[in-house]
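K.L.:
One structure follows; several queries about it will come next.
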Amino acid sequence: MPQWIDACATDDIDEEDLIRFDHAGATYAIYHSPEGDFFATSGMCTHEAVHLCDGLVMGHLIECPKHNGQFDYRTGEAKRAPVCVNLKTFPVKVEAGRVLIEVP
Amino acid sequence: MGKRDYSMLGPDGARAVEIGLAAAEWYHTEVPRKQMKELMQRSDSPAIRDSVILFGCMILFAGLGIYLWPSWWSAPFWLAYGVLYGSAMDSRWHECSHGTAFKTPWMNNLVYEIASFCMMRNSATWRWSHARHHTDTYIVGRDPEIAVMRPPEFFRLIANFFGVFDSIAAMQRMVYNTFLGVHPEEKTFVPQSEWPKVVRVARISFVIYAATIALAVWMQSILPLMVIGLPRLYGAWHHVMTGLLQHGGLADNVIDHRLNSRTVYMNPISRFIYWNMNYHVEHHMFPMVPYHALPKLHEAIKHDLPAPNRSIAEGFAEMWPALKRQLKYEDYFLKRDLPTTAKPYREDFHAAALGAVATPAE
Ligand code: FES
């Protein structure tokens, strides 16, 4: 049953940056885009088991810290080798200064 | 540990997977996120400046070499051109494969393709082999880019200062890929979706080399090969010299880059040719940091790293005797002291390797 989870405050994440959020044994990455919007994806790279939270956000791309693979974090689309498999994305909403993500 | 099997399909690779050495979590020095974000920032301008200098010099030196050919007065220009072709292109290939040289992706890709061709590397295959080198740095049977295997083969090492074995292997592989497809070893680290690209790239290279050889035959001169192909041999010495220092004589089968990689201070010309990869521990710990920010990263984390060698000569003086010792004792390696400000090596993590014949570096 999908549910909305309170992940963090809006000002916990700098613009054009991300943080790691762990919940119920799963790890997520929450992004703050340069336009001020929020997005959420699975927290691990699809190439190897590496946390994306140490990576670099450039515009709408997240670059993995291990081999510099890139994803569009809005859609999860794999954009640069060595990543080939898309990243899972999750719905996000902002309420009263809090970022909520919908997890399965 | 005894005899090592470096094949990607051999028992050592399988063992590394079994005991969790493959794709393991590696040691990282802690750097505050804000500082790391600044260090990771991309920019086009340093790499554009360096590329204009590099390609400008290559055109100039090759032009003078051709103009003065076949006089011996052309030799210095060929030597200079060769180092830029057969060595500087190695570091360009490397940095662009990470996508960190330029901020603009097409610029990275363009220089990556040119540099791969110059270095006789299949641009599709080597992107993946290098990813594996970063996942499993010097893990025997997993890392396809181990430059000095144990026991070291000195004849091969020295011959490679002139690109001999590397070029022969590259040409054989290019012909294999052109006519027979992807090699079984390559299939262990190149995803299937990329196999057609491996073959396409090999065929393009094959056609260029065939055309160059045909031109040389038609002209009855090796001049075309002095421009394309041979510089990979006569100009290789610098990238082999700096490349050996990266990991030579240090530990294998560990998951702390401070144990298996070496940082060496170098003169500005070598640093231009090598694009700052002399900060090699730093690069392996944080591959997201572009080459132009590595000196700053070094300042930020040197308190946690073994002291760098102060020159290329000092690096060789440390490494060469260790390589010679590995002829007799394959398990021998240098274990460099950490400064008192550093977090200690995790002996429990590396019991298997550190229990081998480690000797503190002088
Ligand atoms: S682990 Fe993310 S690109 Fe390799």
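The chains in the structure tokens are called A, B, ... from first to last as shown; in each chain the residues are counted from 1, and the ligands are counted from 1 in the order shown.
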Please identify all polymer residues within 12 Å of A:Asp14, counting only C-alpha atoms, omitting same-chain residues fewer than 3 positions from it, and present them as a list in words.
P.N.:
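That gives Ala9, Thr10, Asp11, Asp17, Leu18, Ile19, Ile30, Tyr31, His32, Ser33, Pro34, Glu35, Gly36, Asp37, Phe38 and Val57 of chain A; Arg33, Lys34 and Lys37 of chain B.
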K.L.:
Dump as a count of residues only the residues of chain B that approach chain A to within 9 Å, counting only C-alpha atoms.
P.N.:
25
K.L.:
If you measure from atom CA of B:Thr137 to atom CA of B:Arg173, what distance in Å do you get, rounded to one decimal?
P.N.:
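Separation between atom CA of B:Thr137 and atom CA of B:Arg173: 23.0 Å.
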K.L.:
B:Gly20: which residues within 12 Å, counting only C-alpha atoms, same-chain residues fewer than 6 positions away excluded, as a list in words?
P.N.:
Gly13, Ala14, Trp26, Asp136, Ile139, Arg142, Asn253, Val254, Ile255, Phe349 and His350 of chain B
K.L.:
Any chance you can output those residues with N, CA and C atoms as a short mmCIF file (atom, residue, chain, number, x, y, z; two decimals), in the first residue's frame?
P.N.:
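Result written to part14.cif:
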data_model
loop_
_atom_site.label_atom_id
_atom_site.label_comp_id
_atom_site.auth_asym_id
_atom_site.auth_seq_id
_atom_site.Cartn_x
_atom_site.Cartn_y
_atom_site.Cartn_z
N GLY B 13 39.72 -14.04 -9.67
CA GLY B 13 38.57 -13.15 -9.82
C GLY B 13 37.35 -13.73 -9.13
N ALA B 14 37.15 -15.03 -9.30
CA ALA B 14 36.00 -15.70 -8.68
C ALA B 14 36.13 -15.64 -7.16
N TRP B 26 34.99 1.14 -0.28
CA TRP B 26 36.39 1.52 -0.05
C TRP B 26 36.49 2.63 0.98
N ASP B 136 37.34 -2.00 -8.68
CA ASP B 136 38.16 -3.07 -8.10
C ASP B 136 39.64 -2.78 -8.32
N ILE B 139 42.52 -5.35 -7.66
CA ILE B 139 42.02 -6.62 -7.14
C ILE B 139 42.33 -7.65 -8.24
N ARG B 142 40.09 -9.11 -11.22
CA ARG B 142 38.93 -8.25 -11.41
C ARG B 142 39.30 -6.97 -12.16
N ASN B 253 44.75 -6.38 -3.78
CA ASN B 253 43.68 -7.03 -2.99
C ASN B 253 43.40 -6.32 -1.65
N VAL B 254 43.41 -4.99 -1.68
CA VAL B 254 43.01 -4.21 -0.50
C VAL B 254 41.91 -3.24 -0.93
N ILE B 255 41.23 -2.64 0.03
CA ILE B 255 40.15 -1.72 -0.34
C ILE B 255 40.36 -0.35 0.33
N PHE B 349 40.38 -5.31 7.91
CA PHE B 349 39.85 -5.37 6.55
C PHE B 349 40.80 -6.07 5.59
N HIS B 350 42.09 -5.78 5.83
CA HIS B 350 43.09 -6.18 4.84
C HIS B 350 43.97 -7.31 5.33
#
K.L.:
Within 10 Å of B:Leu323, counting only C-alpha atoms, which residues show up once you throw out same-chain ones fewer than 5 positions away? Write them as JSON, numbers by chain, please.
P.N.:
{"B": [148, 149, 150, 151, 152, 153, 154, 248, 249, 250, 318, 328, 329, 330, 332, 333, 334]}
K.L.:
Please, could you write that set of residues out with N, CA, C and O atoms as an mmCIF file, in the first residue's frame?
P.N.:
data_model
loop_
_atom_site.group_PDB
_atom_site.id
_atom_site.type_symbol
_atom_site.label_atom_id
_atom_site.label_comp_id
_atom_site.auth_asym_id
_atom_site.auth_seq_id
_atom_site.Cartn_x
_atom_site.Cartn_y
_atom_site.Cartn_z
ATOM 1 N N VAL B 148 51.421 -3.508 -13.556
ATOM 2 C CA VAL B 148 52.565 -4.331 -13.157
ATOM 3 C C VAL B 148 52.034 -5.559 -12.431
ATOM 4 O O VAL B 148 51.598 -5.482 -11.298
ATOM 5 N N MET B 149 52.076 -6.685 -13.114
ATOM 6 C CA MET B 149 51.608 -7.921 -12.497
ATOM 7 C C MET B 149 52.754 -8.559 -11.719
ATOM 8 O O MET B 149 53.919 -8.210 -11.922
ATOM 9 N N ARG B 150 52.430 -9.451 -10.837
ATOM 10 C CA ARG B 150 53.467 -10.107 -10.034
ATOM 11 C C ARG B 150 53.607 -11.561 -10.441
ATOM 12 O O ARG B 150 52.580 -12.238 -10.570
ATOM 13 N N PRO B 151 54.819 -12.073 -10.596
ATOM 14 C CA PRO B 151 56.067 -11.336 -10.519
ATOM 15 C C PRO B 151 56.209 -10.396 -11.719
ATOM 16 O O PRO B 151 55.756 -10.743 -12.822
ATOM 17 N N PRO B 152 56.853 -9.231 -11.537
ATOM 18 C CA PRO B 152 56.959 -8.276 -12.640
ATOM 19 C C PRO B 152 57.777 -8.844 -13.793
ATOM 20 O O PRO B 152 58.744 -9.562 -13.561
ATOM 21 N N GLU B 153 57.367 -8.536 -15.004
ATOM 22 C CA GLU B 153 58.142 -8.968 -16.176
ATOM 23 C C GLU B 153 58.908 -7.754 -16.659
ATOM 24 O O GLU B 153 58.358 -6.923 -17.382
ATOM 25 N N PHE B 154 60.166 -7.664 -16.247
ATOM 26 C CA PHE B 154 60.920 -6.438 -16.519
ATOM 27 C C PHE B 154 61.126 -6.189 -18.010
ATOM 28 O O PHE B 154 61.091 -5.049 -18.467
ATOM 29 N N GLY B 248 52.617 0.885 -8.725
ATOM 30 C CA GLY B 248 53.733 -0.068 -8.741
ATOM 31 C C GLY B 248 54.360 -0.284 -7.369
ATOM 32 O O GLY B 248 54.652 0.663 -6.636
ATOM 33 N N GLY B 249 54.555 -1.537 -7.005
ATOM 34 C CA GLY B 249 55.220 -1.898 -5.746
ATOM 35 C C GLY B 249 54.308 -1.818 -4.534
ATOM 36 O O GLY B 249 54.727 -2.145 -3.425
ATOM 37 N N LEU B 250 53.078 -1.384 -4.724
ATOM 38 C CA LEU B 250 52.156 -1.226 -3.585
ATOM 39 C C LEU B 250 51.264 -2.465 -3.465
ATOM 40 O O LEU B 250 51.410 -3.428 -4.204
ATOM 41 N N GLU B 318 61.792 4.494 -4.866
ATOM 42 C CA GLU B 318 61.007 3.717 -3.900
ATOM 43 C C GLU B 318 60.433 2.456 -4.560
ATOM 44 O O GLU B 318 60.433 1.376 -3.980
ATOM 45 N N LYS B 328 61.166 -12.316 -6.510
ATOM 46 C CA LYS B 328 61.403 -13.467 -5.639
ATOM 47 C C LYS B 328 60.203 -13.751 -4.757
ATOM 48 O O LYS B 328 59.834 -14.884 -4.545
ATOM 49 N N TYR B 329 59.657 -12.663 -4.170
ATOM 50 C CA TYR B 329 58.555 -12.831 -3.215
ATOM 51 C C TYR B 329 57.330 -12.129 -3.793
ATOM 52 O O TYR B 329 57.188 -10.911 -3.674
ATOM 53 N N GLU B 330 56.479 -12.899 -4.407
ATOM 54 C CA GLU B 330 55.331 -12.283 -5.084
ATOM 55 C C GLU B 330 54.432 -11.512 -4.144
ATOM 56 O O GLU B 330 53.734 -10.596 -4.548
ATOM 57 N N TYR B 332 55.311 -9.662 -1.676
ATOM 58 C CA TYR B 332 55.937 -8.480 -1.088
ATOM 59 C C TYR B 332 55.313 -7.186 -1.629
ATOM 60 O O TYR B 332 55.005 -7.080 -2.814
ATOM 61 N N PHE B 333 55.140 -6.198 -0.773
ATOM 62 C CA PHE B 333 54.718 -4.863 -1.235
ATOM 63 C C PHE B 333 55.143 -3.817 -0.220
ATOM 64 O O PHE B 333 55.471 -4.139 0.924
ATOM 65 N N LEU B 334 55.135 -2.549 -0.656
ATOM 66 C CA LEU B 334 55.491 -1.440 0.226
ATOM 67 C C LEU B 334 54.269 -0.986 0.991
ATOM 68 O O LEU B 334 53.231 -0.730 0.377
#
K.L.:
Would you mind listing what lies within 10 Å of stretch 105-117 of chain B as a CSV table (one decimal) with all heavy atoms, in the first residue's frame, with only C-alpha atoms counted and same-chain residues fewer than 2 positions away left out?
P.N.:
chain,number,residue,atom,x,y,z
A,80,ARG,N,24.3,8.8,-19.0
A,80,ARG,CA,25.7,8.7,-19.3
A,80,ARG,C,26.3,7.4,-18.8
A,80,ARG,O,26.1,7.0,-17.6
A,80,ARG,CB,26.5,9.9,-18.7
A,80,ARG,CG,28.0,9.8,-19.1
A,80,ARG,CD,28.7,11.0,-18.5
A,80,ARG,NE,30.1,11.0,-19.1
A,80,ARG,CZ,31.1,10.3,-18.6
A,80,ARG,NH1,30.9,9.6,-17.5
A,80,ARG,NH2,32.3,10.3,-19.1
B,44,ASP,N,34.6,24.5,-18.3
B,44,ASP,CA,35.2,24.2,-19.6
B,44,ASP,C,36.5,24.9,-19.8
B,44,ASP,O,37.4,24.4,-20.5
B,44,ASP,CB,34.2,24.7,-20.7
B,44,ASP,CG,33.1,23.8,-20.9
B,44,ASP,OD1,33.2,22.6,-20.7
B,44,ASP,OD2,32.0,24.2,-21.4
B,47,ALA,N,40.2,23.1,-19.4
B,47,ALA,CA,40.5,22.1,-20.4
B,47,ALA,C,40.5,22.6,-21.9
B,47,ALA,O,41.2,22.1,-22.7
B,47,ALA,CB,39.4,21.0,-20.3
B,48,ILE,N,39.7,23.7,-22.1
B,48,ILE,CA,39.8,24.3,-23.4
B,48,ILE,C,41.2,25.0,-23.6
B,48,ILE,O,41.9,24.8,-24.6
B,48,ILE,CB,38.7,25.4,-23.6
B,48,ILE,CG1,37.3,24.7,-23.8
B,48,ILE,CG2,39.0,26.3,-24.8
B,48,ILE,CD1,36.1,25.7,-23.9
B,51,SER,N,43.7,22.2,-24.1
B,51,SER,CA,43.5,21.5,-25.4
B,51,SER,C,44.0,22.4,-26.5
B,51,SER,O,44.6,21.8,-27.5
B,51,SER,CB,42.0,21.1,-25.6
B,51,SER,OG,41.6,20.3,-24.6
B,85,TYR,N,51.4,12.9,-28.5
B,85,TYR,CA,50.5,11.9,-29.1
B,85,TYR,C,50.4,10.6,-28.2
B,85,TYR,O,49.3,10.1,-27.9
B,85,TYR,CB,51.0,11.5,-30.5
B,85,TYR,CG,50.1,10.6,-31.3
B,85,TYR,CD1,49.6,11.1,-32.5
B,85,TYR,CD2,50.0,9.3,-31.0
B,85,TYR,CE1,48.8,10.2,-33.3
B,85,TYR,CE2,49.2,8.4,-31.8
B,85,TYR,CZ,48.7,8.9,-33.0
B,85,TYR,OH,48.0,8.1,-33.8
B,86,GLY,N,51.6,10.1,-27.8
B,86,GLY,CA,51.7,8.8,-27.2
B,86,GLY,C,51.6,8.8,-25.7
B,86,GLY,O,51.5,7.8,-25.1
B,87,SER,N,51.6,10.0,-25.1
B,87,SER,CA,51.5,10.1,-23.6
B,87,SER,C,50.5,11.1,-23.2
B,87,SER,O,49.7,10.8,-22.3
B,87,SER,CB,52.9,10.5,-23.1
B,87,SER,OG,53.8,9.4,-23.2
B,88,ALA,N,50.5,12.3,-23.7
B,88,ALA,CA,49.5,13.3,-23.2
B,88,ALA,C,48.1,12.8,-23.6
B,88,ALA,O,47.1,13.0,-22.8
B,88,ALA,CB,49.7,14.7,-23.8
B,89,MET,N,48.0,12.1,-24.7
B,89,MET,CA,46.7,11.5,-25.1
B,89,MET,C,46.2,10.5,-24.1
B,89,MET,O,45.0,10.2,-24.0
B,89,MET,CB,46.7,10.9,-26.5
B,89,MET,CG,46.7,12.0,-27.5
B,89,MET,SD,45.2,13.0,-27.5
B,89,MET,CE,45.8,14.4,-28.5
B,90,ASP,N,47.1,9.9,-23.4
B,90,ASP,CA,46.7,8.9,-22.4
B,90,ASP,C,45.9,9.6,-21.2
B,90,ASP,O,44.8,9.1,-20.8
B,90,ASP,CB,47.9,8.2,-21.8
B,90,ASP,CG,47.6,7.2,-20.7
B,90,ASP,OD1,46.8,6.3,-20.9
B,90,ASP,OD2,48.0,7.5,-19.5
B,91,SER,N,46.4,10.7,-20.8
B,91,SER,CA,45.7,11.4,-19.7
B,91,SER,C,44.5,12.1,-20.2
B,91,SER,O,43.5,12.2,-19.4
B,91,SER,CB,46.7,12.4,-19.0
B,91,SER,OG,47.0,13.4,-20.0
B,92,ARG,N,44.4,12.5,-21.4
B,92,ARG,CA,43.2,13.1,-22.0
B,92,ARG,C,42.1,12.0,-22.1
B,92,ARG,O,41.0,12.2,-21.8
B,92,ARG,CB,43.4,13.7,-23.4
B,92,ARG,CG,43.9,15.1,-23.3
B,92,ARG,CD,45.2,15.3,-22.5
B,92,ARG,NE,45.6,16.7,-22.4
B,92,ARG,CZ,46.7,17.1,-21.7
B,92,ARG,NH1,47.4,16.2,-21.0
B,92,ARG,NH2,47.0,18.3,-21.6
B,93,TRP,N,42.6,10.8,-22.6
B,93,TRP,CA,41.6,9.7,-22.7
B,93,TRP,C,41.1,9.4,-21.3
B,93,TRP,O,39.9,9.2,-21.1
B,93,TRP,CB,42.4,8.4,-23.2
B,93,TRP,CG,41.7,7.2,-22.9
B,93,TRP,CD1,40.7,6.6,-23.6
B,93,TRP,CD2,41.9,6.3,-21.7
B,93,TRP,NE1,40.3,5.5,-22.9
B,93,TRP,CE2,41.0,5.3,-21.8
B,93,TRP,CE3,42.8,6.4,-20.6
B,93,TRP,CZ2,40.9,4.3,-20.9
B,93,TRP,CZ3,42.7,5.4,-19.7
B,93,TRP,CH2,41.8,4.3,-19.8
B,94,HIS,N,41.9,9.4,-20.3
B,94,HIS,CA,41.5,9.1,-18.9
B,94,HIS,C,40.5,10.1,-18.4
B,94,HIS,O,39.5,9.7,-17.9
B,94,HIS,CB,42.8,9.0,-18.1
B,94,HIS,CG,42.4,8.8,-16.6
B,94,HIS,ND1,42.4,9.8,-15.7
B,94,HIS,CD2,42.1,7.7,-15.9
B,94,HIS,CE1,42.0,9.4,-14.6
B,94,HIS,NE2,41.8,8.1,-14.6
B,95,GLU,N,40.9,11.3,-18.4
B,95,GLU,CA,40.1,12.4,-17.8
B,95,GLU,C,38.7,12.5,-18.5
B,95,GLU,O,37.7,12.6,-17.9
B,95,GLU,CB,40.8,13.7,-17.8
B,95,GLU,CG,40.1,14.8,-17.0
B,95,GLU,CD,40.2,14.7,-15.5
B,95,GLU,OE1,41.0,13.8,-15.0
B,95,GLU,OE2,39.5,15.4,-14.8
B,96,CYS,N,38.8,12.4,-19.8
B,96,CYS,CA,37.5,12.5,-20.6
B,96,CYS,C,36.6,11.3,-20.4
B,96,CYS,O,35.4,11.3,-20.5
B,96,CYS,CB,37.8,12.8,-22.0
B,96,CYS,SG,38.5,14.4,-22.3
B,97,SER,N,37.2,10.1,-20.1
B,97,SER,CA,36.4,8.9,-19.9
B,97,SER,C,35.6,9.1,-18.6
B,97,SER,O,34.5,8.6,-18.5
B,97,SER,CB,37.3,7.7,-19.8
B,97,SER,OG,37.9,7.5,-18.5
B,98,HIS,N,36.2,9.9,-17.7
B,98,HIS,CA,35.4,10.2,-16.4
B,98,HIS,C,34.4,11.3,-16.7
B,98,HIS,O,33.5,11.5,-15.8
B,98,HIS,CB,36.4,10.7,-15.3
B,98,HIS,CG,37.1,9.6,-14.7
B,98,HIS,ND1,36.5,8.8,-13.7
B,98,HIS,CD2,38.4,9.1,-14.8
B,98,HIS,CE1,37.4,7.9,-13.3
B,98,HIS,NE2,38.5,8.0,-14.0
B,99,GLY,N,34.5,12.0,-17.8
B,99,GLY,CA,33.6,13.1,-18.1
B,99,GLY,C,33.8,14.3,-17.2
B,99,GLY,O,33.0,15.2,-17.1
B,100,THR,N,35.0,14.4,-16.6
B,100,THR,CA,35.3,15.5,-15.7
B,100,THR,C,36.2,16.6,-16.3
B,100,THR,O,36.3,17.7,-15.7
B,100,THR,CB,36.0,15.0,-14.5
B,100,THR,OG1,37.0,14.0,-14.9
B,100,THR,CG2,35.0,14.3,-13.5
B,101,ALA,N,36.8,16.4,-17.5
B,101,ALA,CA,37.7,17.3,-18.1
B,101,ALA,C,37.0,18.6,-18.4
B,101,ALA,O,37.4,19.7,-18.0
B,101,ALA,CB,38.4,16.8,-19.3
B,102,PHE,N,35.9,18.5,-19.2
B,102,PHE,CA,35.1,19.6,-19.6
B,102,PHE,C,33.7,19.6,-18.9
B,102,PHE,O,33.3,18.5,-18.5
B,102,PHE,CB,34.8,19.6,-21.1
B,102,PHE,CG,36.0,19.6,-22.0
B,102,PHE,CD1,36.7,18.4,-22.3
B,102,PHE,CD2,36.5,20.8,-22.5
B,102,PHE,CE1,37.8,18.5,-23.1
B,102,PHE,CE2,37.6,20.8,-23.3
B,102,PHE,CZ,38.3,19.7,-23.6
B,103,LYS,N,33.1,20.7,-18.8
B,103,LYS,CA,31.7,20.8,-18.3
B,103,LYS,C,30.7,20.3,-19.4
B,103,LYS,O,29.7,19.6,-19.1
B,103,LYS,CB,31.4,22.2,-17.9
B,103,LYS,CG,30.0,22.3,-17.2
B,103,LYS,CD,29.8,23.7,-16.7
B,103,LYS,CE,28.5,23.7,-15.9
B,103,LYS,NZ,28.2,25.0,-15.3
B,119,MET,N,45.8,6.4,-28.6
B,119,MET,CA,46.3,5.5,-27.7
B,119,MET,C,46.0,4.0,-28.1
B,119,MET,O,46.4,3.1,-27.3
B,119,MET,CB,45.8,5.7,-26.2
B,119,MET,CG,46.2,7.0,-25.6
B,119,MET,SD,48.0,7.3,-25.7
B,119,MET,CE,48.6,6.0,-24.7
B,120,MET,N,45.4,3.8,-29.2
B,120,MET,CA,45.1,2.5,-29.7
B,120,MET,C,44.2,1.8,-28.8
B,120,MET,O,44.4,0.6,-28.5
B,120,MET,CB,46.3,1.6,-30.0
B,120,MET,CG,47.2,2.2,-31.1
B,120,MET,SD,48.6,1.1,-31.5
B,120,MET,CE,49.4,2.0,-32.7
B,121,ARG,N,43.2,2.5,-28.2
B,121,ARG,CA,42.3,1.9,-27.3
B,121,ARG,C,40.9,2.0,-27.9
B,121,ARG,O,40.5,3.0,-28.5
B,121,ARG,CB,42.3,2.6,-26.0
B,121,ARG,CG,43.5,2.4,-25.2
B,121,ARG,CD,43.6,3.1,-23.9
B,121,ARG,NE,45.0,3.0,-23.4
B,121,ARG,CZ,45.6,3.9,-22.7
B,121,ARG,NH1,45.0,5.0,-22.3
B,121,ARG,NH2,46.8,3.7,-22.3
B,122,ASN,N,40.2,0.9,-27.8
B,122,ASN,CA,38.8,0.9,-28.3
B,122,ASN,C,38.0,1.8,-27.4
B,122,ASN,O,37.8,1.4,-26.2
B,122,ASN,CB,38.2,-0.5,-28.4
B,122,ASN,CG,36.9,-0.6,-29.1
B,122,ASN,OD1,36.0,0.1,-28.6
B,122,ASN,ND2,36.7,-1.4,-30.1
B,123,SER,N,37.4,2.9,-27.9
B,123,SER,CA,36.8,3.8,-27.0
B,123,SER,C,35.6,3.2,-26.3
B,123,SER,O,35.2,3.6,-25.1
B,123,SER,CB,36.4,5.1,-27.7
B,123,SER,OG,35.5,4.8,-28.8
B,124,ALA,N,34.9,2.2,-26.9
B,124,ALA,CA,33.8,1.6,-26.3
B,124,ALA,C,34.2,0.6,-25.2
B,124,ALA,O,33.7,0.6,-24.1
B,124,ALA,CB,32.9,0.9,-27.3
B,126,TRP,N,37.2,0.4,-23.6
B,126,TRP,CA,38.0,1.0,-22.5
B,126,TRP,C,37.2,1.8,-21.5
B,126,TRP,O,37.6,2.0,-20.3
B,126,TRP,CB,39.2,1.7,-23.0
B,126,TRP,CG,40.3,0.8,-23.4
B,126,TRP,CD1,40.3,-0.1,-24.5
B,126,TRP,CD2,41.5,0.5,-22.7
B,126,TRP,NE1,41.4,-0.8,-24.5
B,126,TRP,CE2,42.2,-0.5,-23.4
B,126,TRP,CE3,42.1,1.0,-21.6
B,126,TRP,CZ2,43.4,-0.9,-23.0
B,126,TRP,CZ3,43.3,0.6,-21.2
B,126,TRP,CH2,44.0,-0.4,-21.9
B,127,ARG,N,36.1,2.3,-21.9
B,127,ARG,CA,35.2,3.1,-21.0
B,127,ARG,C,34.8,2.1,-19.8
B,127,ARG,O,34.8,2.5,-18.7
B,127,ARG,CB,34.0,3.6,-21.7
B,127,ARG,CG,33.3,4.8,-21.1
B,127,ARG,CD,32.0,5.1,-21.8
B,127,ARG,NE,32.2,6.0,-22.9
B,127,ARG,CZ,32.5,7.3,-22.8
B,127,ARG,NH1,32.6,7.8,-21.6
B,127,ARG,NH2,32.6,8.1,-23.9
B,201,VAL,N,33.6,0.8,-33.6
B,201,VAL,CA,34.8,1.6,-33.3
B,201,VAL,C,36.1,0.8,-33.8
B,201,VAL,O,36.9,1.5,-34.4
B,201,VAL,CB,35.0,1.8,-31.7
B,201,VAL,CG1,36.3,2.4,-31.4
B,201,VAL,CG2,33.9,2.7,-31.3
B,202,ALA,N,36.2,-0.5,-33.6
B,202,ALA,CA,37.3,-1.2,-34.1
B,202,ALA,C,37.4,-1.1,-35.6
B,202,ALA,O,38.5,-1.0,-36.2
B,202,ALA,CB,37.2,-2.7,-33.7
B,204,ILE,N,36.3,1.3,-37.6
B,204,ILE,CA,36.7,2.6,-38.0
B,204,ILE,C,38.2,2.8,-37.8
B,204,ILE,O,38.9,3.2,-38.8
B,204,ILE,CB,36.0,3.7,-37.2
B,204,ILE,CG1,34.5,3.7,-37.6
B,204,ILE,CG2,36.6,5.1,-37.4
B,204,ILE,CD1,33.6,4.6,-36.7
B,205,SER,N,38.7,2.3,-36.7
B,205,SER,CA,40.2,2.4,-36.5
B,205,SER,C,40.9,1.5,-37.5
B,205,SER,O,42.0,2.0,-38.1
B,205,SER,CB,40.6,1.8,-35.1
B,205,SER,OG,39.9,2.6,-34.1
B,208,ILE,N,41.2,3.4,-40.7
B,208,ILE,CA,42.2,4.5,-40.7
B,208,ILE,C,43.6,4.0,-40.8
B,208,ILE,O,44.5,4.5,-41.5
B,208,ILE,CB,42.0,5.4,-39.4
B,208,ILE,CG1,40.6,6.1,-39.5
B,208,ILE,CG2,43.1,6.5,-39.3
B,208,ILE,CD1,40.2,6.8,-38.2
B,228,ILE,N,50.7,9.1,-37.8
B,228,ILE,CA,49.6,8.3,-37.2
B,228,ILE,C,50.1,6.9,-36.9
B,228,ILE,O,50.7,6.3,-37.8
B,228,ILE,CB,48.4,8.2,-38.2
B,228,ILE,CG1,47.7,9.5,-38.4
B,228,ILE,CG2,47.4,7.2,-37.7
B,228,ILE,CD1,46.6,9.6,-39.5
B,229,GLY,N,50.0,6.5,-35.7
B,229,GLY,CA,50.4,5.1,-35.4
B,229,GLY,C,51.7,5.0,-34.6
B,229,GLY,O,51.8,4.7,-33.4
B,232,ARG,N,52.6,6.4,-31.1
B,232,ARG,CA,52.1,5.6,-29.9
B,232,ARG,C,53.2,4.8,-29.3
B,232,ARG,O,53.2,4.4,-28.2
B,232,ARG,CB,50.9,4.7,-30.3
B,232,ARG,CG,50.5,3.7,-29.3
B,232,ARG,CD,49.9,4.3,-28.1
B,232,ARG,NE,49.4,3.4,-27.1
B,232,ARG,CZ,50.2,2.8,-26.2
B,232,ARG,NH1,51.5,3.1,-26.2
B,232,ARG,NH2,49.8,1.9,-25.3
K.L.:
To test your reading of the structure, identify every residue in stretch 92-156 of chain B that backbone DSSP assigns to helix (DSSP H, G or I), and report it as a PyMOL selection string.
P.N.:
chain B and resi 92-98+105-118+123-135+154-156
K.L.:
Counting only C-alpha atoms, which of A:Pro91, A:Ile101, A:Arg74, A:Met1 gets nearest to A:Phe21?
P.N.:
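Closest candidate: A:Ile101.
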K.L.:
Report as JSON, numbers by chain: the residues of stretch 2-81 of chain A with a DSSP assignment of strand (DSSP E or B), based on the backbone of this structure.
P.N.:
{"A": [3, 4, 5, 6, 7, 8, 9, 17, 18, 19, 20, 21, 22, 23, 26, 27, 28, 29, 30, 31, 32, 38, 39, 40, 41, 42, 44, 51, 56, 57, 58, 61, 62, 63, 70, 71, 72, 78, 79, 80]}
K.L.:
Which residues are near A:Arg98? Cut-off 8 Å, only C-alpha atoms, ignore same chain within fewer than 2 positions. Put them as a list in words.
P.N.:
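Everything that qualifies: Asp6, Ala7, Cys8, Ala9, Thr10, Val94, Glu95, Ala96 and Leu100 of chain A.
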K.L.:
Under the rule that only C-alpha atoms and all ligand atoms are counted, which of B:Leu79, B:Thr178, B:Ser129, B:Leu305 is the nearest residue to ligand 1?
P.N.:
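Distance minimum relative to ligand 1 lands on B:Ser129.
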K.L.:
Show me, as a PyMOL selection string, the residues that have an atom within 7 Å of B:Ser261 when counting only C-alpha atoms, minus same-chain residues fewer than 2 positions from it.
P.N.:
chain B and resi 246-247+250+257-259+263+280-281
K.L.:
Which is closer to ligand 1 than all the others in A:Val103, A:Ala26, A:Ala40, A:Ile62, using only C-alpha atoms and all ligand atoms?
P.N.:
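Residue with the minimum atom-to-atom distance to ligand 1: A:Ile62.
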K.L.:
To one decimal place in Å, what is the distance between atom CA of B:Val52 and atom CA of B:Arg271?
P.N.:
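So the answer is 16.3 Å.
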K.L.:
So what do you get for atom CA of B:Ile222 versus atom CA of B:Gly235, distance-wise?
P.N.:
16.1 Å
K.L.:
A:Ile13, A:Ala24, A:Val92, A:Val85: which is nearest A:Cys45, counting only C-alpha atoms?
P.N.:
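Ranking A:Ile13, A:Ala24, A:Val92, A:Val85 by distance to A:Cys45, first place goes to A:Val85.
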